[in-house]
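Here's the structure, in structure tokens; my notes come after.
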Amino acid sequence: MKLINLIKNELIKIFHKAGIYVMLLIVVVLSIIAVVLNKYLSVEDISNSFLVEVKMEDYDVKDPIQLENYVADKSNYETLKEISKYKYESPEYYYLDNNLYDVIYCQNRAKYIEKNEKKEKECSSEHEILLANAKNFDYKKVLLEEKAELVKELNKIGEDAELTELDYVKAKILVIDYRIDNNLPKTYTDSSKEIESYPDLYREYFSLDQNDKDYKNKEDLLVKKEKEKQLFEIKYKIDNKLYVSGKNYSLRDSIIYKFTTVDVFVLITVIMITGSILSEEFNKGTIKQLLVRPFSRSKILFSKLIASLIVFILFLLCYTVLDGIITAVGLGGVKEIFEPMIVYNYNKSAVVEYSLLTYCILSFLAILPKYLIIILFVFLVSIISTSSSVSMAAGYFLMFASSIIDSFKNIKIINYLPTSVWNFNDYLFGGMSSNPYGSLSSSIIIVIITIIFLIILSQFIFSKKNIKNQ
Amino acid sequence: MKNILEVKNINKFYGKKQVLEDVSFTIHESEILGFIGPNGSGKTTTIKLILGLQSMKSGEITINGYNIKKDFSKAIERVGAIVESPDLYMYLTGRKNLELIKDMYKDIPDGRVEDVIELVGLSNRIDDKVSKYSLGMRQRLGIAAAIINKPNLLILDEPTNGLDPEGIKELRDLLKGLVKKEKIGILISSHNLAELDNFCTDVCIIKKGKILTNKTIEDAKKTNRESYLIRLNKTTGLKKILYKEDEIVDSDTIRVYTEKDNINDVIVKLIEANYKIYGITKEELSLEDAFLNAAGGNEID
């Protein structure tokens, strides 16, 4: 009961300070900027608007290689100029992006290198057709043409071909059929890209050894498992008709992101809160008022630690809600958050549906150890140094050092450091860690030992701490 | 009388340097102990040891019968303290500061916060942020914070810092009232002897980490002989008449150390030597004078 009072007091102090509100304001501003950029501009649109005209004078066209370069650059420029009339995620963009360059190149080559007027005209008329198609774009017609080609190919391969090759073409036809049935033109949207990757994934996966035990090299096995996951998730979505045009996952993606990655803004806030919750009391002298109360020092310490954790969770939730509202207002996608998450479970070798909530909780638990270890580390440094800036710097150092350390994974000992095993995301749903030496059980043990060590050391140092005279 | 605070032979080192050497004293109920010493003499360190804010090499401190090391929570339960300066959260209001402290004790009635606000006279400004308070108001809020848990031992480290003479007087009256009403014991440290005069019941003087004297005010004053100030028409040529320890203060005043019964003889002598006597006053010995004597020197600061 009394510990709760202490925690409550700590929370009152934190919520009466500006720090946390400033951070919330910053993330709100940033997410508004992100949504505006996302809605009105795409990276491709921006880069297309910076196109520089390709001029002949800039090339030494007497040199055949330079002439080739000129033709290629010019074709590229003309293609982009045409394409950029359409939105990046539109079917027309995709259509032209995949077809236009070839005809323009053909045209330019005929004109400048081959000096073949007839060919130039042929290509030019093809060019016109493509542009006309794009203008009155009928994606079904295009898909049906593509399908007809594939069926022809299928008949040509016949029964002699290798099974995977046959299946590959079949998979392509499957995808086209699916697109036609479900109004899903080819575009550069995530779902379209995902479904488009299906045939290649299929072929790649089934050309690999299916038996995990045959893999001597962990990296190869990881590649196989990753493909397995992608393939079966896409297959599941195709089978259950989950790819439908007009779906908008902006909001869902923004929510998922918060719980599957250690977000830098959440981390900065947590480091700020934890780094100052104790050291500020030391600096301002108020720690004395806290320590001359009928509480053991460890209770004081734990109340601060727990308050930091509560603020961390609250901030994460507020951030998610605020960013979610901004995303929903700007980009939409509220309906889609109620759709299940499709996740391949390695243990069951099957796809499992999770609600967004369950998925987020599970993912968050997997990254929680990383947050916890950083929080405890900052806390420990703040007890030792009694300086907010030193402890915050230590937190950021750990944040960056861990990613630097990660690049030395080939050194065996590095893989047993807490910073190498503190993210359990890989292990979720029966997955395998990319850490060549790590296993789930050893990671759990290392993380638990680290956490206990940090807590005990903090507690020990704090209980022995002399409050220096001013 | 019940012992509230007992400090027994405490020794404290900072590194190799000994900052407290066998410091001992006791505070009983209704006792105000003036803890006096120059800056750097070990007053604040002693107070921090009493409050468990620092560790000591040896010695024993008990508050209300509980050892501060072994039974910290129980020992500290009925202590109120200001150490160095009133430690307040500047970004909170005065009331919030008090409420935070109140919540750290069980069984403090809700009205207590209002009572202490009233007691220190901060009712008008209590809902302002402490950052807007003057030094004197912060000091008063610090005292409110120190007494909110109805302590029977109040430890005040230089509480008069930042207070004007009016404020110092108010503080004295407040503390005297508390002692009278609630029979609490007070440890009050200062480097300024004059402030504690007419206020403390006991005095303990510390210098370079050692206790020089430790006795009641009355005893302290008693050890000094009475003195009288005599105003005369002139003070020249007095050497022959007066005793060695008597002093010429200025051109018309002398100080004579003598017993009450002997004062007549002094006057007769002066009259016989043709001096005119304009007035005689018995000198009240100040605390400062008493302790300058006790310390065997005049360099308290």
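In the structure tokens, each chain is lettered A, B, ... as it comes, each chain's residues begin at 1, and ligands are numbered from 1 in order of appearance.
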
Write out as a PyMOL selection string all residues of range 71-102 of chain B that backbone DSSP assigns to alpha helix (DSSP H). chain B and resi 72-76+94-102

Could you save those same residues with N, CA and C atoms as an mmCIF file, in the first residue's frame?
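The resulting result_32.cif:
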```cif
data_model
loop_
_atom_site.group_PDB
_atom_site.id
_atom_site.type_symbol
_atom_site.label_atom_id
_atom_site.label_comp_id
_atom_site.auth_asym_id
_atom_site.auth_seq_id
_atom_site.Cartn_x
_atom_site.Cartn_y
_atom_site.Cartn_z
ATOM 1 N N PHE B 72 15.950 1.701 10.629
ATOM 2 C CA PHE B 72 15.862 3.029 10.017
ATOM 3 C C PHE B 72 14.428 3.565 9.956
ATOM 4 N N SER B 73 13.515 2.749 9.421
ATOM 5 C CA SER B 73 12.151 3.248 9.193
ATOM 6 C C SER B 73 11.496 3.697 10.484
ATOM 7 N N LYS B 74 11.678 2.883 11.543
ATOM 8 C CA LYS B 74 11.051 3.235 12.822
ATOM 9 C C LYS B 74 11.719 4.446 13.447
ATOM 10 N N ALA B 75 13.050 4.501 13.325
ATOM 11 C CA ALA B 75 13.779 5.618 13.921
ATOM 12 C C ALA B 75 13.385 6.933 13.262
ATOM 13 N N ILE B 76 13.193 6.906 11.955
ATOM 14 C CA ILE B 76 12.991 8.148 11.214
ATOM 15 C C ILE B 76 11.521 8.566 11.192
ATOM 16 N N GLY B 94 3.181 24.843 -3.546
ATOM 17 C CA GLY B 94 3.501 24.584 -2.150
ATOM 18 C C GLY B 94 2.638 23.463 -1.592
ATOM 19 N N ARG B 95 1.338 23.511 -1.945
ATOM 20 C CA ARG B 95 0.412 22.506 -1.417
ATOM 21 C C ARG B 95 0.780 21.108 -1.909
ATOM 22 N N LYS B 96 1.108 21.022 -3.209
ATOM 23 C CA LYS B 96 1.455 19.709 -3.780
ATOM 24 C C LYS B 96 2.698 19.151 -3.085
ATOM 25 N N ASN B 97 3.661 20.033 -2.813
ATOM 26 C CA ASN B 97 4.858 19.604 -2.100
ATOM 27 C C ASN B 97 4.500 18.962 -0.765
ATOM 28 N N LEU B 98 3.598 19.613 -0.058
ATOM 29 C CA LEU B 98 3.208 19.103 1.256
ATOM 30 C C LEU B 98 2.426 17.787 1.119
ATOM 31 N N GLU B 99 1.581 17.756 0.092
ATOM 32 C CA GLU B 99 0.774 16.536 -0.083
ATOM 33 C C GLU B 99 1.648 15.330 -0.414
ATOM 34 N N LEU B 100 2.688 15.570 -1.217
ATOM 35 C CA LEU B 100 3.595 14.464 -1.552
ATOM 36 C C LEU B 100 4.203 13.886 -0.279
ATOM 37 N N ILE B 101 4.589 14.781 0.631
ATOM 38 C CA ILE B 101 5.215 14.313 1.866
ATOM 39 C C ILE B 101 4.188 13.621 2.756
ATOM 40 N N LYS B 102 3.028 14.211 2.806
ATOM 41 C CA LYS B 102 1.955 13.622 3.633
ATOM 42 C C LYS B 102 1.683 12.179 3.200
#
```

Lys241 in chain A surroundings by only C-alpha atoms, 9 Å radius, close-in-sequence under 4 positions cut, as a JSON list (two decimals) with N, CA and C atoms, in the first residue's frame:
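The file below, out_35.json, is the result:
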```json
[["chain", "number", "residue", "atom", "x", "y", "z"],
["A", 178, "TYR", "N", -6.15, -14.50, -59.98],
["A", 178, "TYR", "CA", -6.56, -13.89, -58.72],
["A", 178, "TYR", "C", -6.77, -12.39, -58.89],
["A", 182, "ASN", "N", -10.31, -10.48, -58.33],
["A", 182, "ASN", "CA", -10.43, -9.62, -57.16],
["A", 182, "ASN", "C", -10.11, -8.15, -57.41],
["A", 236, "TYR", "N", -1.53, -18.24, -48.14],
["A", 236, "TYR", "CA", -2.71, -18.21, -47.28],
["A", 236, "TYR", "C", -3.63, -17.06, -47.66],
["A", 237, "LYS", "N", -3.00, -15.91, -47.91],
["A", 237, "LYS", "CA", -3.80, -14.74, -48.24],
["A", 237, "LYS", "C", -4.47, -14.91, -49.60]]
```

For range 107-123 of chain B, list every protein, DNA or RNA residue within 10 Å, evaluated using only C-alpha atoms, and leave out those in the same chain fewer than 6 positions away; present the list as an mmCIF file with all heavy atoms, in the first residue's frame.
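What ended up in result_26.cif:
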```cif
data_model
loop_
_atom_site.group_PDB
_atom_site.id
_atom_site.type_symbol
_atom_site.label_atom_id
_atom_site.label_comp_id
_atom_site.auth_asym_id
_atom_site.auth_seq_id
_atom_site.Cartn_x
_atom_site.Cartn_y
_atom_site.Cartn_z
ATOM 1 N N GLY B 94 3.181 24.843 -3.546
ATOM 2 C CA GLY B 94 3.501 24.584 -2.150
ATOM 3 C C GLY B 94 2.638 23.463 -1.592
ATOM 4 O O GLY B 94 3.113 22.555 -0.914
ATOM 5 N N ARG B 95 1.338 23.511 -1.945
ATOM 6 C CA ARG B 95 0.412 22.506 -1.417
ATOM 7 C C ARG B 95 0.780 21.108 -1.909
ATOM 8 O O ARG B 95 0.824 20.158 -1.152
ATOM 9 C CB ARG B 95 -1.014 22.843 -1.837
ATOM 10 C CG ARG B 95 -2.060 21.951 -1.179
ATOM 11 C CD ARG B 95 -3.413 22.157 -1.802
ATOM 12 N NE ARG B 95 -3.877 23.538 -1.680
ATOM 13 C CZ ARG B 95 -4.426 24.046 -0.578
ATOM 14 N NH1 ARG B 95 -4.616 23.284 0.473
ATOM 15 N NH2 ARG B 95 -4.814 25.291 -0.540
ATOM 16 N N LYS B 96 1.108 21.022 -3.209
ATOM 17 C CA LYS B 96 1.455 19.709 -3.780
ATOM 18 C C LYS B 96 2.698 19.151 -3.085
ATOM 19 O O LYS B 96 2.779 17.962 -2.798
ATOM 20 C CB LYS B 96 1.686 19.868 -5.283
ATOM 21 C CG LYS B 96 1.571 18.604 -6.069
ATOM 22 C CD LYS B 96 0.164 18.361 -6.554
ATOM 23 C CE LYS B 96 -0.239 16.926 -6.290
ATOM 24 N NZ LYS B 96 -1.666 16.723 -6.507
ATOM 25 N N LEU B 98 3.598 19.613 -0.058
ATOM 26 C CA LEU B 98 3.208 19.103 1.256
ATOM 27 C C LEU B 98 2.426 17.787 1.119
ATOM 28 O O LEU B 98 2.616 16.857 1.895
ATOM 29 C CB LEU B 98 2.372 20.140 2.005
ATOM 30 C CG LEU B 98 3.112 21.421 2.390
ATOM 31 C CD1 LEU B 98 2.172 22.389 3.081
ATOM 32 C CD2 LEU B 98 4.302 21.120 3.281
ATOM 33 N N GLU B 99 1.581 17.756 0.092
ATOM 34 C CA GLU B 99 0.774 16.536 -0.083
ATOM 35 C C GLU B 99 1.648 15.330 -0.414
ATOM 36 O O GLU B 99 1.381 14.216 0.034
ATOM 37 C CB GLU B 99 -0.268 16.761 -1.184
ATOM 38 C CG GLU B 99 -1.473 17.538 -0.677
ATOM 39 C CD GLU B 99 -2.420 17.970 -1.780
ATOM 40 O OE1 GLU B 99 -2.099 17.729 -2.964
ATOM 41 O OE2 GLU B 99 -3.461 18.561 -1.457
ATOM 42 N N ILE B 101 4.589 14.781 0.631
ATOM 43 C CA ILE B 101 5.215 14.313 1.866
ATOM 44 C C ILE B 101 4.188 13.621 2.756
ATOM 45 O O ILE B 101 4.437 12.563 3.318
ATOM 46 C CB ILE B 101 5.899 15.482 2.597
ATOM 47 C CG1 ILE B 101 7.065 15.969 1.736
ATOM 48 C CG2 ILE B 101 6.374 15.070 3.976
ATOM 49 C CD1 ILE B 101 7.683 17.251 2.204
ATOM 50 N N MET B 137 9.893 32.469 2.115
ATOM 51 C CA MET B 137 8.694 31.629 1.986
ATOM 52 C C MET B 137 9.075 30.172 1.805
ATOM 53 O O MET B 137 8.421 29.267 2.317
ATOM 54 C CB MET B 137 7.856 32.109 0.789
ATOM 55 C CG MET B 137 7.183 33.441 1.033
ATOM 56 S SD MET B 137 6.548 34.113 -0.501
ATOM 57 C CE MET B 137 5.165 33.055 -0.770
ATOM 58 N N ARG B 138 10.146 29.956 1.060
ATOM 59 C CA ARG B 138 10.615 28.569 0.884
ATOM 60 C C ARG B 138 11.034 27.977 2.223
ATOM 61 O O ARG B 138 10.755 26.828 2.519
ATOM 62 C CB ARG B 138 11.799 28.529 -0.084
ATOM 63 C CG ARG B 138 11.362 28.710 -1.510
ATOM 64 C CD ARG B 138 12.528 28.747 -2.457
ATOM 65 N NE ARG B 138 12.103 29.376 -3.705
ATOM 66 C CZ ARG B 138 12.905 29.741 -4.676
ATOM 67 N NH1 ARG B 138 14.192 29.535 -4.571
ATOM 68 N NH2 ARG B 138 12.430 30.297 -5.769
ATOM 69 N N GLN B 139 11.715 28.821 3.011
ATOM 70 C CA GLN B 139 12.146 28.363 4.331
ATOM 71 C C GLN B 139 10.928 27.977 5.182
ATOM 72 O O GLN B 139 10.919 26.947 5.852
ATOM 73 C CB GLN B 139 12.938 29.502 5.003
ATOM 74 C CG GLN B 139 13.885 29.071 6.075
ATOM 75 C CD GLN B 139 15.024 28.219 5.555
ATOM 76 O OE1 GLN B 139 14.981 27.003 5.696
ATOM 77 N NE2 GLN B 139 16.022 28.839 4.962
ATOM 78 N N ARG B 140 9.890 28.795 5.103
ATOM 79 C CA ARG B 140 8.680 28.508 5.893
ATOM 80 C C ARG B 140 7.977 27.253 5.387
ATOM 81 O O ARG B 140 7.500 26.436 6.157
ATOM 82 C CB ARG B 140 7.729 29.705 5.857
ATOM 83 C CG ARG B 140 8.175 30.787 6.831
ATOM 84 C CD ARG B 140 7.119 31.822 7.006
ATOM 85 N NE ARG B 140 7.188 32.815 5.937
ATOM 86 C CZ ARG B 140 6.234 33.710 5.706
ATOM 87 N NH1 ARG B 140 5.146 33.722 6.457
ATOM 88 N NH2 ARG B 140 6.354 34.587 4.739
ATOM 89 N N LEU B 141 7.956 27.098 4.057
ATOM 90 C CA LEU B 141 7.354 25.884 3.498
ATOM 91 C C LEU B 141 8.171 24.659 3.912
ATOM 92 O O LEU B 141 7.621 23.599 4.221
ATOM 93 C CB LEU B 141 7.288 25.974 1.973
ATOM 94 C CG LEU B 141 6.542 24.826 1.281
ATOM 95 C CD1 LEU B 141 5.081 24.792 1.701
ATOM 96 C CD2 LEU B 141 6.637 24.937 -0.233
ATOM 97 N N GLY B 142 9.499 24.856 3.961
ATOM 98 C CA GLY B 142 10.368 23.767 4.404
ATOM 99 C C GLY B 142 10.033 23.344 5.822
ATOM 100 O O GLY B 142 10.025 22.147 6.144
ATOM 101 N N ILE B 143 9.746 24.333 6.669
ATOM 102 C CA ILE B 143 9.389 24.014 8.052
ATOM 103 C C ILE B 143 8.033 23.316 8.101
ATOM 104 O O ILE B 143 7.850 22.331 8.820
ATOM 105 C CB ILE B 143 9.423 25.288 8.915
ATOM 106 C CG1 ILE B 143 10.891 25.675 9.133
ATOM 107 C CG2 ILE B 143 8.748 25.062 10.262
ATOM 108 C CD1 ILE B 143 11.099 27.071 9.590
ATOM 109 N N ALA B 144 7.094 23.797 7.284
ATOM 110 C CA ALA B 144 5.795 23.123 7.219
ATOM 111 C C ALA B 144 5.990 21.662 6.817
ATOM 112 O O ALA B 144 5.381 20.749 7.378
ATOM 113 C CB ALA B 144 4.892 23.830 6.212
ATOM 114 N N ALA B 145 6.877 21.454 5.832
ATOM 115 C CA ALA B 145 7.135 20.087 5.364
ATOM 116 C C ALA B 145 7.777 19.249 6.466
ATOM 117 O O ALA B 145 7.521 18.052 6.582
ATOM 118 C CB ALA B 145 8.039 20.119 4.133
ATOM 119 N N ALA B 146 8.601 19.904 7.285
ATOM 120 C CA ALA B 146 9.306 19.156 8.325
ATOM 121 C C ALA B 146 8.399 18.772 9.485
ATOM 122 O O ALA B 146 8.659 17.799 10.186
ATOM 123 C CB ALA B 146 10.495 19.979 8.829
ATOM 124 N N ILE B 147 7.327 19.530 9.690
ATOM 125 C CA ILE B 147 6.492 19.228 10.868
ATOM 126 C C ILE B 147 5.190 18.531 10.482
ATOM 127 O O ILE B 147 4.371 18.226 11.343
ATOM 128 C CB ILE B 147 6.170 20.504 11.687
ATOM 129 C CG1 ILE B 147 5.414 21.521 10.823
ATOM 130 C CG2 ILE B 147 7.425 21.088 12.279
ATOM 131 C CD1 ILE B 147 4.982 22.751 11.587
ATOM 132 N N ILE B 148 5.008 18.244 9.204
ATOM 133 C CA ILE B 148 3.717 17.717 8.756
ATOM 134 C C ILE B 148 3.413 16.351 9.370
ATOM 135 O O ILE B 148 2.271 15.996 9.599
ATOM 136 C CB ILE B 148 3.654 17.675 7.216
ATOM 137 C CG1 ILE B 148 2.207 17.524 6.762
ATOM 138 C CG2 ILE B 148 4.504 16.564 6.655
ATOM 139 C CD1 ILE B 148 1.991 17.883 5.317
ATOM 140 N N ASN B 149 4.463 15.587 9.657
ATOM 141 C CA ASN B 149 4.238 14.252 10.221
ATOM 142 C C ASN B 149 4.225 14.259 11.740
ATOM 143 O O ASN B 149 4.416 13.230 12.371
ATOM 144 C CB ASN B 149 5.303 13.287 9.698
ATOM 145 C CG ASN B 149 6.703 13.734 10.052
ATOM 146 O OD1 ASN B 149 6.979 14.932 10.054
ATOM 147 N ND2 ASN B 149 7.577 12.801 10.362
ATOM 148 N N LYS B 150 3.991 15.419 12.330
ATOM 149 C CA LYS B 150 3.996 15.577 13.793
ATOM 150 C C LYS B 150 5.219 14.926 14.434
ATOM 151 O O LYS B 150 5.101 14.012 15.262
ATOM 152 C CB LYS B 150 2.719 14.966 14.404
ATOM 153 C CG LYS B 150 1.478 15.724 14.001
ATOM 154 C CD LYS B 150 0.390 15.550 15.036
ATOM 155 C CE LYS B 150 -0.723 16.540 14.757
ATOM 156 N NZ LYS B 150 -1.810 16.495 15.722
ATOM 157 N N GLU B 170 9.704 35.203 14.028
ATOM 158 C CA GLU B 170 8.527 34.345 13.827
ATOM 159 C C GLU B 170 8.892 32.880 13.977
ATOM 160 O O GLU B 170 8.168 32.099 14.581
ATOM 161 C CB GLU B 170 7.947 34.568 12.419
ATOM 162 C CG GLU B 170 7.016 35.753 12.325
ATOM 163 C CD GLU B 170 6.565 36.001 10.898
ATOM 164 O OE1 GLU B 170 6.574 35.041 10.098
ATOM 165 O OE2 GLU B 170 6.231 37.153 10.584
ATOM 166 N N LEU B 171 10.056 32.529 13.398
ATOM 167 C CA LEU B 171 10.494 31.133 13.458
ATOM 168 C C LEU B 171 10.712 30.716 14.908
ATOM 169 O O LEU B 171 10.266 29.654 15.345
ATOM 170 C CB LEU B 171 11.790 30.971 12.657
ATOM 171 C CG LEU B 171 12.431 29.591 12.723
ATOM 172 C CD1 LEU B 171 11.530 28.552 12.072
ATOM 173 C CD2 LEU B 171 13.792 29.582 12.047
ATOM 174 N N LEU B 174 7.435 30.226 16.586
ATOM 175 C CA LEU B 174 6.807 29.002 16.100
ATOM 176 C C LEU B 174 7.404 27.785 16.788
ATOM 177 O O LEU B 174 6.695 26.908 17.297
ATOM 178 C CB LEU B 174 7.030 28.921 14.582
ATOM 179 C CG LEU B 174 6.470 27.702 13.877
ATOM 180 C CD1 LEU B 174 4.973 27.846 13.735
ATOM 181 C CD2 LEU B 174 7.104 27.539 12.501
#
```

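The residue that comes closest to Leu309 in chain A, out of A:Thr269, A:Ser207, A:Ser420, A:Thr187 and on the basis of only C-alpha atoms, is A:Thr269.
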
Report as a Markdown table the residues of chain B within 7 Å of chain A, each with its shortest atom pair and distance in Å (one decimal), using only C-alpha atoms, ordered by chain and increasing residue number.
```
| residue | atom | partner | partner_atom | distance |
| --- | --- | --- | --- | --- |
| B:Leu51 | CA | A:Val292 | CA | 6.2 |
| B:Leu53 | CA | A:Ile467 | CA | 5.5 |
| B:Gln54 | CA | A:Asn466 | CA | 4.4 |
| B:Ser55 | CA | A:Asn466 | CA | 6.5 |
| B:Ser73 | CA | A:Pro294 | CA | 4.1 |
| B:Lys74 | CA | A:Pro294 | CA | 6.6 |
| B:Ile76 | CA | A:Pro294 | CA | 5.7 |
| B:Glu77 | CA | A:Pro294 | CA | 5.1 |
| B:Asp87 | CA | A:Thr286 | CA | 4.7 |
| B:Leu88 | CA | A:Thr286 | CA | 6.1 |
| B:Tyr91 | CA | A:Lys17 | CA | 6.9 |
| B:Leu92 | CA | A:His16 | CA | 6.9 |
| B:Leu100 | CA | A:Asn9 | CA | 5.9 |
| B:Asp103 | CA | A:Asn5 | CA | 6.2 |
| B:Met104 | CA | A:Asn5 | CA | 6.7 |
```

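For the choices A:Val352, A:Val421, A:Val343, A:Leu80, the atom-to-atom distance to Val52 in chain A is smallest for A:Leu80 when using only C-alpha atoms.
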
Find the residues around Tyr257 in chain B up to 7 Å (only C-alpha atoms counted), leave out those fewer than 6 positions away in its own chain, and share them as a list in words. Arg225, Glu226, Ser227, Tyr228 and Asp246 of chain B

Which neighbours of Ala307 in chain A fall inside 8 Å, counting only C-alpha atoms, when residues of the same chain fewer than 3 positions from it are skipped, and could you give them as an mmCIF file with N, CA and C atoms, in the first residue's frame?
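Final output, saved to around.cif:
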```
data_model
loop_
_atom_site.group_PDB
_atom_site.id
_atom_site.type_symbol
_atom_site.label_atom_id
_atom_site.label_comp_id
_atom_site.auth_asym_id
_atom_site.auth_seq_id
_atom_site.Cartn_x
_atom_site.Cartn_y
_atom_site.Cartn_z
ATOM 1 N N ILE A 7 4.985 5.309 -5.590
ATOM 2 C CA ILE A 7 4.923 5.291 -7.056
ATOM 3 C C ILE A 7 4.038 6.434 -7.536
ATOM 4 N N LYS A 8 2.916 6.602 -6.844
ATOM 5 C CA LYS A 8 1.989 7.681 -7.210
ATOM 6 C C LYS A 8 2.700 9.042 -7.133
ATOM 7 N N GLU A 10 5.864 9.627 -7.450
ATOM 8 C CA GLU A 10 6.831 9.750 -8.549
ATOM 9 C C GLU A 10 6.115 10.138 -9.837
ATOM 10 N N LEU A 11 4.953 9.527 -10.057
ATOM 11 C CA LEU A 11 4.207 9.831 -11.278
ATOM 12 C C LEU A 11 3.739 11.282 -11.277
ATOM 13 N N SER A 303 10.273 2.225 -6.367
ATOM 14 C CA SER A 303 9.144 3.080 -6.753
ATOM 15 C C SER A 303 9.516 3.915 -7.968
ATOM 16 N N LYS A 304 10.759 4.346 -8.010
ATOM 17 C CA LYS A 304 11.195 5.151 -9.150
ATOM 18 C C LYS A 304 11.312 4.302 -10.410
ATOM 19 N N ILE A 310 6.072 2.582 -15.872
ATOM 20 C CA ILE A 310 4.683 2.973 -16.144
ATOM 21 C C ILE A 310 4.662 4.107 -17.166
ATOM 22 N N VAL A 311 5.544 5.096 -16.971
ATOM 23 C CA VAL A 311 5.585 6.218 -17.906
ATOM 24 C C VAL A 311 5.965 5.730 -19.301
#
```

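Among the candidate residues A:Ser250, A:Ser363, A:Thr261, A:Thr164, the one lying nearest to Val329 in chain A is A:Ser250, with distances computed using only C-alpha atoms.
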
Please identify the strand (DSSP E) residues within range 85-285 of chain B (assignment by DSSP from backbone atoms) and present them as a VMD selection string. chain B and resid 153 to 157 185 to 190 202 to 207 210 to 216 227 to 232 247 to 250 253 to 257 277 to 283

Near range 30-35 of chain B, counting only C-alpha atoms, which residues have an atom at most 9 Å away, once you skip same-chain residues fewer than 6 positions from it, shown as a PyMOL selection string? chain B and resi 1+43+157+175-176+178-180+182-191+193+196+199-206+216

Dump C-alpha atoms for the selected residues as an mmCIF file, in the first residue's frame?
```cif
data_model
loop_
_atom_site.group_PDB
_atom_site.id
_atom_site.type_symbol
_atom_site.label_atom_id
_atom_site.label_comp_id
_atom_site.auth_asym_id
_atom_site.auth_seq_id
_atom_site.Cartn_x
_atom_site.Cartn_y
_atom_site.Cartn_z
ATOM 1 C CA MET B 1 12.976 13.256 31.006
ATOM 2 C CA LYS B 43 27.424 20.358 11.755
ATOM 3 C CA ASP B 157 20.094 22.850 9.663
ATOM 4 C CA LEU B 175 9.407 26.607 17.424
ATOM 5 C CA LYS B 176 8.897 27.689 21.019
ATOM 6 C CA LEU B 178 5.837 23.615 19.213
ATOM 7 C CA VAL B 179 8.111 22.713 22.087
ATOM 8 C CA LYS B 180 5.596 23.907 24.604
ATOM 9 C CA GLU B 182 3.948 19.002 21.699
ATOM 10 C CA LYS B 183 6.984 18.491 23.943
ATOM 11 C CA ILE B 184 9.200 17.916 20.961
ATOM 12 C CA GLY B 185 12.956 18.075 20.939
ATOM 13 C CA ILE B 186 14.724 20.328 18.486
ATOM 14 C CA LEU B 187 18.226 20.245 17.114
ATOM 15 C CA ILE B 188 18.971 23.539 15.487
ATOM 16 C CA SER B 189 22.289 24.289 13.905
ATOM 17 C CA SER B 190 23.738 27.678 13.194
ATOM 18 C CA HIS B 191 27.016 29.422 12.702
ATOM 19 C CA LEU B 193 25.386 32.433 17.943
ATOM 20 C CA LEU B 196 20.008 31.318 19.125
ATOM 21 C CA PHE B 199 15.911 30.632 22.550
ATOM 22 C CA CYS B 200 17.845 27.416 23.068
ATOM 23 C CA THR B 201 17.698 25.496 26.279
ATOM 24 C CA ASP B 202 20.958 23.732 25.607
ATOM 25 C CA VAL B 203 23.973 24.431 23.522
ATOM 26 C CA CYS B 204 26.525 22.215 21.940
ATOM 27 C CA ILE B 205 29.509 23.781 20.281
ATOM 28 C CA ILE B 206 31.470 21.970 17.624
ATOM 29 C CA THR B 216 22.552 24.060 29.343
#
```
